[in-house]
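Taking it in order: structure first as structure tokens, then the write-up.
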Amino acid sequence: MPRREFLRPSAFLPVVLAVCAMGAHAQAQAPASAAVAPAPAPALAAPLYPQMAERTKAVEQKVIAWRRDIHQHPELGNQEKRTAALVAAHLKALGYEVREGVAVTGVVATLKGGKPGPVVALRADMDALPVKEQVDLPFASKARATWAGKEVDVMHACGHDGHVAILMGVAEVLAGMKDQLPGTVKLLFQPAEEKLPNAEIGGARRMLAEGAFDSPKPDVVFGLHLVSGLNTGEIGYKPGPITASSDTFKVSVKGRQTHGSQPWSGVDPIVIGSQIVLGFQTIASRQVNVTKEPSVLSVGTFQAGTRYNIIPDNAEMSGTLRTYDDEMRKFYIKRMGETAEHIAQSGGGEAHVHFEADGYAPTINDAKLTAQMTPSLERVPGGKAMIIPKGTGGEDFSFFAQKAPGLFVMIGATPVGKDASKAEPNHSPRFFVDEASLLVGVRALTQLSVDYMAMAAKN
């Protein structure tokens, strides 16, 4: 299965820094009366901050130990049995109501606070990737597993080991404050975010289908992702789309085989396929409104023929489509099918475009929720909240955010002092996570949870 490319914010950091610099300049030029005072902390939450600070710091070493253990024992999608068992045992010991085996290996846990209030869902993905680790660590992975019928090396090359450890830490912090929490916490430990072989549906969509958002239904859902393109302490966010849709397509072209010296005796699927590739690019450049949202349509494979002087019967192509707007996504899918079909007909052949069923929708941060929670991100101890541009990677957190207002943030994982723009990206065999970033993640999810419950309970 082709691996999902993930957002690498470092590719856009010059833009981010330019925007930040412009903002700083504008503020410096504005009159003193225009200065905006920091948003006050929610009244019900502020008294809990000292305890939050103490509890999050106290759990840091446990989080690091959990992350190292999970990193050393990575598991592929729908195979996360050891990881899920570790999570479930921890949550049961903390007093959570735990449901196991959701979407094969997923864990859903609920903790009802001592005071009435909203339901806040927090999500962490658990699966690793079929990648051979090339990082020199005492807890480096040497694991192997079967994937799509082949034996492969396995590595947590996208930070999901950190996500699990972070949410286990948040679970312990919030359980210790249970009686003072004005609301309910629902934890979602999700399998198979990296997609499954053979276009099998799993992950967030399967968890939802199996009742992950039922009894009680979340009012909001928060998630995070460790990324190498930001430094430790940096928390990237933005309202609206933050990751793109991720769709895989295949194109089959049927011609009629003939000798290469007399192409008029057959139908050339290679020429037809080449025209289809170009036709797809005219959709991107001439048929969608490029001022609304960017999009990417790429053909990555083109296979046809077995001999230099034989025009073959068939040609096959595959590629990826990335969009940030669902209507634009639907338009692409429709026009790609029409374009391929009509081009093939004009050359005397046939063509069919097939989209895999496991495509991901764009992850869209609810604008109102993002604005509401931005002061909370700015209050994270040791954190620096910053707006980042959208990225073209995909994330199935998108399906949770379709069912409840969602906010997904990026947590910098490259050590301070190192150039994040040159750090190995997520999915690299040399992907490295600075363990100091784990505490930032624990603090961010705790801050978002407590502040939201306090604000919603007050209303």
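Every chain in the structure tokens takes a letter, A first, then B, and so on in the order presented; its residues are numbered from 1, and the ligands are numbered from 1 following the presented order.
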Problem - DSSP alpha helix (DSSP H) residues within region 157-378 of chain A, as a PyMOL selection string - result: chain A and resi 160-176+203-209+269-286+326-346+367-378
Handout entry: Exercise: region 244-261 of chain A partners within 6 Å, only C-alpha atoms, chain neighbours under 2 positions left out, as a VMD selection string
Key = chain A and resid 263 266 to 269 309 to 324 349 to 356 359 to 362 392 to 394
Output for the residues just chosen: N, CA, C and O atoms as a short mmCIF file (atom, residue, chain, number, x, y, z; two decimals), in the first residue's frame:
data_model
loop_
_atom_site.label_atom_id
_atom_site.label_comp_id
_atom_site.auth_asym_id
_atom_site.auth_seq_id
_atom_site.Cartn_x
_atom_site.Cartn_y
_atom_site.Cartn_z
N PRO A 263 0.59 1.19 -36.53
CA PRO A 263 -0.33 1.54 -35.44
C PRO A 263 -1.77 1.72 -35.91
O PRO A 263 -2.70 1.58 -35.11
N GLY A 266 -4.40 -0.99 -35.04
CA GLY A 266 -4.89 -1.21 -33.68
C GLY A 266 -5.29 0.10 -33.03
O GLY A 266 -5.54 1.11 -33.70
N VAL A 267 -5.37 0.08 -31.71
CA VAL A 267 -5.68 1.29 -30.91
C VAL A 267 -4.60 1.41 -29.84
O VAL A 267 -4.41 0.48 -29.04
N ASP A 268 -3.89 2.51 -29.84
CA ASP A 268 -2.72 2.68 -28.98
C ASP A 268 -3.13 3.21 -27.59
O ASP A 268 -3.44 4.41 -27.43
N PRO A 269 -3.12 2.37 -26.55
CA PRO A 269 -3.50 2.83 -25.21
C PRO A 269 -2.43 3.72 -24.57
O PRO A 269 -2.73 4.46 -23.63
N ASN A 309 8.45 -3.04 -29.92
CA ASN A 309 7.76 -2.91 -31.21
C ASN A 309 6.36 -3.51 -31.20
O ASN A 309 5.83 -3.89 -32.23
N ILE A 310 5.77 -3.59 -30.01
CA ILE A 310 4.38 -4.04 -29.89
C ILE A 310 3.57 -2.98 -29.18
O ILE A 310 3.89 -2.58 -28.05
N ILE A 311 2.54 -2.49 -29.83
CA ILE A 311 1.58 -1.60 -29.17
C ILE A 311 0.65 -2.51 -28.37
O ILE A 311 0.00 -3.39 -28.94
N PRO A 312 0.57 -2.34 -27.04
CA PRO A 312 -0.14 -3.30 -26.21
C PRO A 312 -1.66 -3.09 -26.22
O PRO A 312 -2.16 -2.09 -26.74
N ASP A 313 -2.33 -4.04 -25.61
CA ASP A 313 -3.78 -3.94 -25.46
C ASP A 313 -4.18 -2.89 -24.43
O ASP A 313 -5.18 -2.21 -24.59
N ASN A 314 -3.38 -2.82 -23.32
CA ASN A 314 -3.82 -2.04 -22.16
C ASN A 314 -2.71 -1.14 -21.62
O ASN A 314 -1.52 -1.41 -21.83
N ALA A 315 -3.14 -0.11 -20.90
CA ALA A 315 -2.23 0.74 -20.12
C ALA A 315 -2.89 0.99 -18.77
O ALA A 315 -4.13 1.07 -18.67
N GLU A 316 -2.06 1.09 -17.74
CA GLU A 316 -2.57 1.32 -16.38
C GLU A 316 -1.82 2.49 -15.76
O GLU A 316 -0.60 2.61 -15.90
N MET A 317 -2.56 3.34 -15.05
CA MET A 317 -1.96 4.47 -14.34
C MET A 317 -2.54 4.54 -12.93
O MET A 317 -3.62 4.02 -12.67
N SER A 318 -1.82 5.19 -12.05
CA SER A 318 -2.34 5.46 -10.72
C SER A 318 -1.78 6.78 -10.23
O SER A 318 -0.76 7.27 -10.73
N GLY A 319 -2.45 7.36 -9.26
CA GLY A 319 -2.00 8.65 -8.75
C GLY A 319 -2.75 9.07 -7.51
O GLY A 319 -3.49 8.28 -6.89
N THR A 320 -2.57 10.32 -7.13
CA THR A 320 -3.18 10.84 -5.91
C THR A 320 -3.84 12.19 -6.20
O THR A 320 -3.34 12.99 -7.01
N LEU A 321 -4.94 12.44 -5.51
CA LEU A 321 -5.66 13.71 -5.59
C LEU A 321 -5.70 14.32 -4.19
O LEU A 321 -6.07 13.64 -3.23
N ARG A 322 -5.32 15.58 -4.08
CA ARG A 322 -5.35 16.29 -2.80
C ARG A 322 -6.16 17.58 -2.96
O ARG A 322 -5.86 18.40 -3.84
N THR A 323 -7.17 17.76 -2.12
CA THR A 323 -7.98 18.97 -2.14
C THR A 323 -8.29 19.39 -0.70
O THR A 323 -8.08 18.62 0.24
N TYR A 324 -8.81 20.60 -0.54
CA TYR A 324 -9.19 21.11 0.78
C TYR A 324 -10.68 21.43 0.88
O TYR A 324 -11.15 21.86 1.93
N GLY A 349 -10.55 3.95 -28.15
CA GLY A 349 -10.39 3.02 -27.05
C GLY A 349 -11.41 3.26 -25.95
O GLY A 349 -12.42 3.94 -26.12
N GLU A 350 -11.12 2.70 -24.78
CA GLU A 350 -11.96 2.84 -23.61
C GLU A 350 -11.09 3.17 -22.41
O GLU A 350 -9.92 2.76 -22.35
N ALA A 351 -11.65 3.88 -21.45
CA ALA A 351 -10.91 4.21 -20.23
C ALA A 351 -11.87 4.27 -19.05
O ALA A 351 -13.04 4.67 -19.20
N HIS A 352 -11.36 3.87 -17.90
CA HIS A 352 -12.17 3.91 -16.67
C HIS A 352 -11.30 4.42 -15.53
O HIS A 352 -10.15 3.98 -15.37
N VAL A 353 -11.85 5.33 -14.74
CA VAL A 353 -11.16 5.86 -13.57
C VAL A 353 -11.81 5.28 -12.32
O VAL A 353 -13.03 5.37 -12.15
N HIS A 354 -10.99 4.69 -11.46
CA HIS A 354 -11.50 4.09 -10.22
C HIS A 354 -10.82 4.74 -9.02
O HIS A 354 -9.59 4.79 -8.95
N PHE A 355 -11.62 5.28 -8.09
CA PHE A 355 -11.09 5.84 -6.85
C PHE A 355 -11.22 4.81 -5.74
O PHE A 355 -12.28 4.21 -5.56
N GLU A 356 -10.12 4.62 -5.00
CA GLU A 356 -10.16 3.67 -3.88
C GLU A 356 -11.14 4.16 -2.82
O GLU A 356 -11.28 5.36 -2.57
N GLY A 359 -10.23 6.64 0.68
CA GLY A 359 -9.76 8.02 0.65
C GLY A 359 -10.15 8.79 1.90
O GLY A 359 -11.16 8.51 2.54
N TYR A 360 -9.31 9.78 2.25
CA TYR A 360 -9.55 10.62 3.42
C TYR A 360 -10.08 11.99 3.00
O TYR A 360 -9.62 12.57 2.01
N ALA A 361 -11.03 12.49 3.76
CA ALA A 361 -11.53 13.84 3.55
C ALA A 361 -10.51 14.84 4.11
O ALA A 361 -9.64 14.48 4.91
N PRO A 362 -10.59 16.11 3.72
CA PRO A 362 -9.70 17.11 4.32
C PRO A 362 -10.02 17.29 5.80
O PRO A 362 -11.17 17.19 6.21
N THR A 392 -0.37 19.40 2.43
CA THR A 392 -1.02 18.50 1.48
C THR A 392 -1.06 17.06 1.95
O THR A 392 -1.49 16.18 1.20
N GLY A 393 -0.61 16.78 3.17
CA GLY A 393 -0.76 15.45 3.72
C GLY A 393 -2.21 15.17 4.08
O GLY A 393 -3.05 16.07 4.10
N GLY A 394 -2.52 13.90 4.36
CA GLY A 394 -3.87 13.51 4.73
C GLY A 394 -3.92 12.97 6.14
O GLY A 394 -2.93 12.49 6.69
#
Practice task
Record the distance separating CA of Glu133 (chain A) and CA of Val104 (chain A), expressed in Å with one decimal.
Solution key: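 So the two atoms, CA of Glu133 (chain A) and CA of Val104 (chain A), lie 26.1 Å apart.
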Exercise for the section: From a DSSP pass on the backbone, collect the residues of region 318-394 of chain A flagged as strand (DSSP E or B) and hand them back as a list in words. Expected result: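 Answer for region 318-394 of chain A, restricted to strand (DSSP E or B): Ser318, Gly319, Thr320, Leu321, Arg322, Glu350, Ala351, His352, Val353, His354, Phe355, Tyr360, Thr363, Ile364, Asn365, Lys384, Ala385, Met386, Ile387 and Gly391 of chain A.
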Exercise for the section: Determine, counting only C-alpha atoms, which protein, DNA and RNA residues have an atom within 7 Å of an atom of Leu76 (chain A); residues of the same chain fewer than 2 positions away are not included. Present the result as number ranges by chain. Expected result: A: 74, 78-80, 127-129
Practice task
Excluding Glu151 (chain A) and any residue of its chain fewer than 3 positions from it, enumerate the residues within 12 Å of it, using only C-alpha atoms, and give them as a PyMOL selection string.
Solution key: chain A and resi 76+130-132+143-148+154
Practice task
Grab the CA of Ala404 (chain A) to CA of Ala109 (chain A) distance for me, in Å with one decimal place.
Solution key: 17.4 Å
Exercise for the section: Determine the nearest neighbour of Val440 (chain A) from the options A:Ile276, A:Val271, A:Ala171, A:Ala53, counting only C-alpha atoms. Expected result: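 Closest to Val440 (chain A), using only C-alpha atoms: A:Ala53.
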Non-local contacts of Leu44 (chain A) (8 Å; only C-alpha atoms; under 2 positions in same chain excluded) as a PDB file with all heavy atoms, in the first residue's frame:
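Contents of around34.pdb, as written:
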ATOM      1  N   PRO A  42     -10.571  31.051  31.659  1.00  0.00           N
ATOM      2  CA  PRO A  42     -11.941  30.740  32.091  1.00  0.00           C
ATOM      3  C   PRO A  42     -11.998  30.653  33.618  1.00  0.00           C
ATOM      4  O   PRO A  42     -11.121  30.054  34.255  1.00  0.00           O
ATOM      5  CB  PRO A  42     -12.226  29.383  31.446  1.00  0.00           C
ATOM      6  CG  PRO A  42     -11.291  29.309  30.283  1.00  0.00           C
ATOM      7  CD  PRO A  42     -10.057  30.049  30.710  1.00  0.00           C
ATOM      8  N   ALA A  46      -9.187  28.471  35.825  1.00  0.00           N
ATOM      9  CA  ALA A  46      -7.997  29.099  36.392  1.00  0.00           C
ATOM     10  C   ALA A  46      -7.549  28.487  37.717  1.00  0.00           C
ATOM     11  O   ALA A  46      -6.343  28.279  37.935  1.00  0.00           O
ATOM     12  CB  ALA A  46      -8.231  30.603  36.547  1.00  0.00           C
ATOM     13  N   PRO A  47      -8.475  28.172  38.641  1.00  0.00           N
ATOM     14  CA  PRO A  47      -8.022  27.562  39.907  1.00  0.00           C
ATOM     15  C   PRO A  47      -7.359  26.201  39.734  1.00  0.00           C
ATOM     16  O   PRO A  47      -6.647  25.737  40.634  1.00  0.00           O
ATOM     17  CB  PRO A  47      -9.328  27.432  40.714  1.00  0.00           C
ATOM     18  CG  PRO A  47     -10.264  28.436  40.124  1.00  0.00           C
ATOM     19  CD  PRO A  47      -9.928  28.452  38.664  1.00  0.00           C
ATOM     20  N   LEU A  48      -7.593  25.562  38.589  1.00  0.00           N
ATOM     21  CA  LEU A  48      -7.022  24.235  38.356  1.00  0.00           C
ATOM     22  C   LEU A  48      -5.620  24.294  37.742  1.00  0.00           C
ATOM     23  O   LEU A  48      -4.935  23.266  37.688  1.00  0.00           O
ATOM     24  CB  LEU A  48      -7.939  23.431  37.429  1.00  0.00           C
ATOM     25  CG  LEU A  48      -9.371  23.194  37.916  1.00  0.00           C
ATOM     26  CD1 LEU A  48     -10.162  22.408  36.869  1.00  0.00           C
ATOM     27  CD2 LEU A  48      -9.380  22.464  39.243  1.00  0.00           C
ATOM     28  N   ALA A 454     -14.580  24.187  31.117  1.00  0.00           N
ATOM     29  CA  ALA A 454     -14.896  25.326  31.972  1.00  0.00           C
ATOM     30  C   ALA A 454     -15.730  26.367  31.243  1.00  0.00           C
ATOM     31  O   ALA A 454     -16.692  26.909  31.805  1.00  0.00           O
ATOM     32  CB  ALA A 454     -13.597  25.951  32.488  1.00  0.00           C
ATOM     33  N   MET A 455     -15.370  26.650  29.990  1.00  0.00           N
ATOM     34  CA  MET A 455     -16.117  27.657  29.220  1.00  0.00           C
ATOM     35  C   MET A 455     -17.524  27.170  28.894  1.00  0.00           C
ATOM     36  O   MET A 455     -18.504  27.916  28.994  1.00  0.00           O
ATOM     37  CB  MET A 455     -15.358  28.000  27.936  1.00  0.00           C
ATOM     38  CG  MET A 455     -14.124  28.846  28.177  1.00  0.00           C
ATOM     39  SD  MET A 455     -13.314  29.389  26.644  1.00  0.00           S
ATOM     40  CE  MET A 455     -12.446  27.896  26.158  1.00  0.00           C
ATOM     41  N   LYS A 458     -19.815  26.981  31.979  1.00  0.00           N
ATOM     42  CA  LYS A 458     -20.245  28.325  32.396  1.00  0.00           C
ATOM     43  C   LYS A 458     -21.418  28.796  31.573  1.00  0.00           C
ATOM     44  O   LYS A 458     -22.329  29.444  32.067  1.00  0.00           O
ATOM     45  CB  LYS A 458     -19.070  29.301  32.225  1.00  0.00           C
ATOM     46  CG  LYS A 458     -19.398  30.753  32.608  1.00  0.00           C
ATOM     47  CD  LYS A 458     -18.201  31.653  32.387  1.00  0.00           C
ATOM     48  CE  LYS A 458     -18.550  33.105  32.726  1.00  0.00           C
ATOM     49  NZ  LYS A 458     -17.392  34.011  32.499  1.00  0.00           N
TER      50      LYS A 458
END
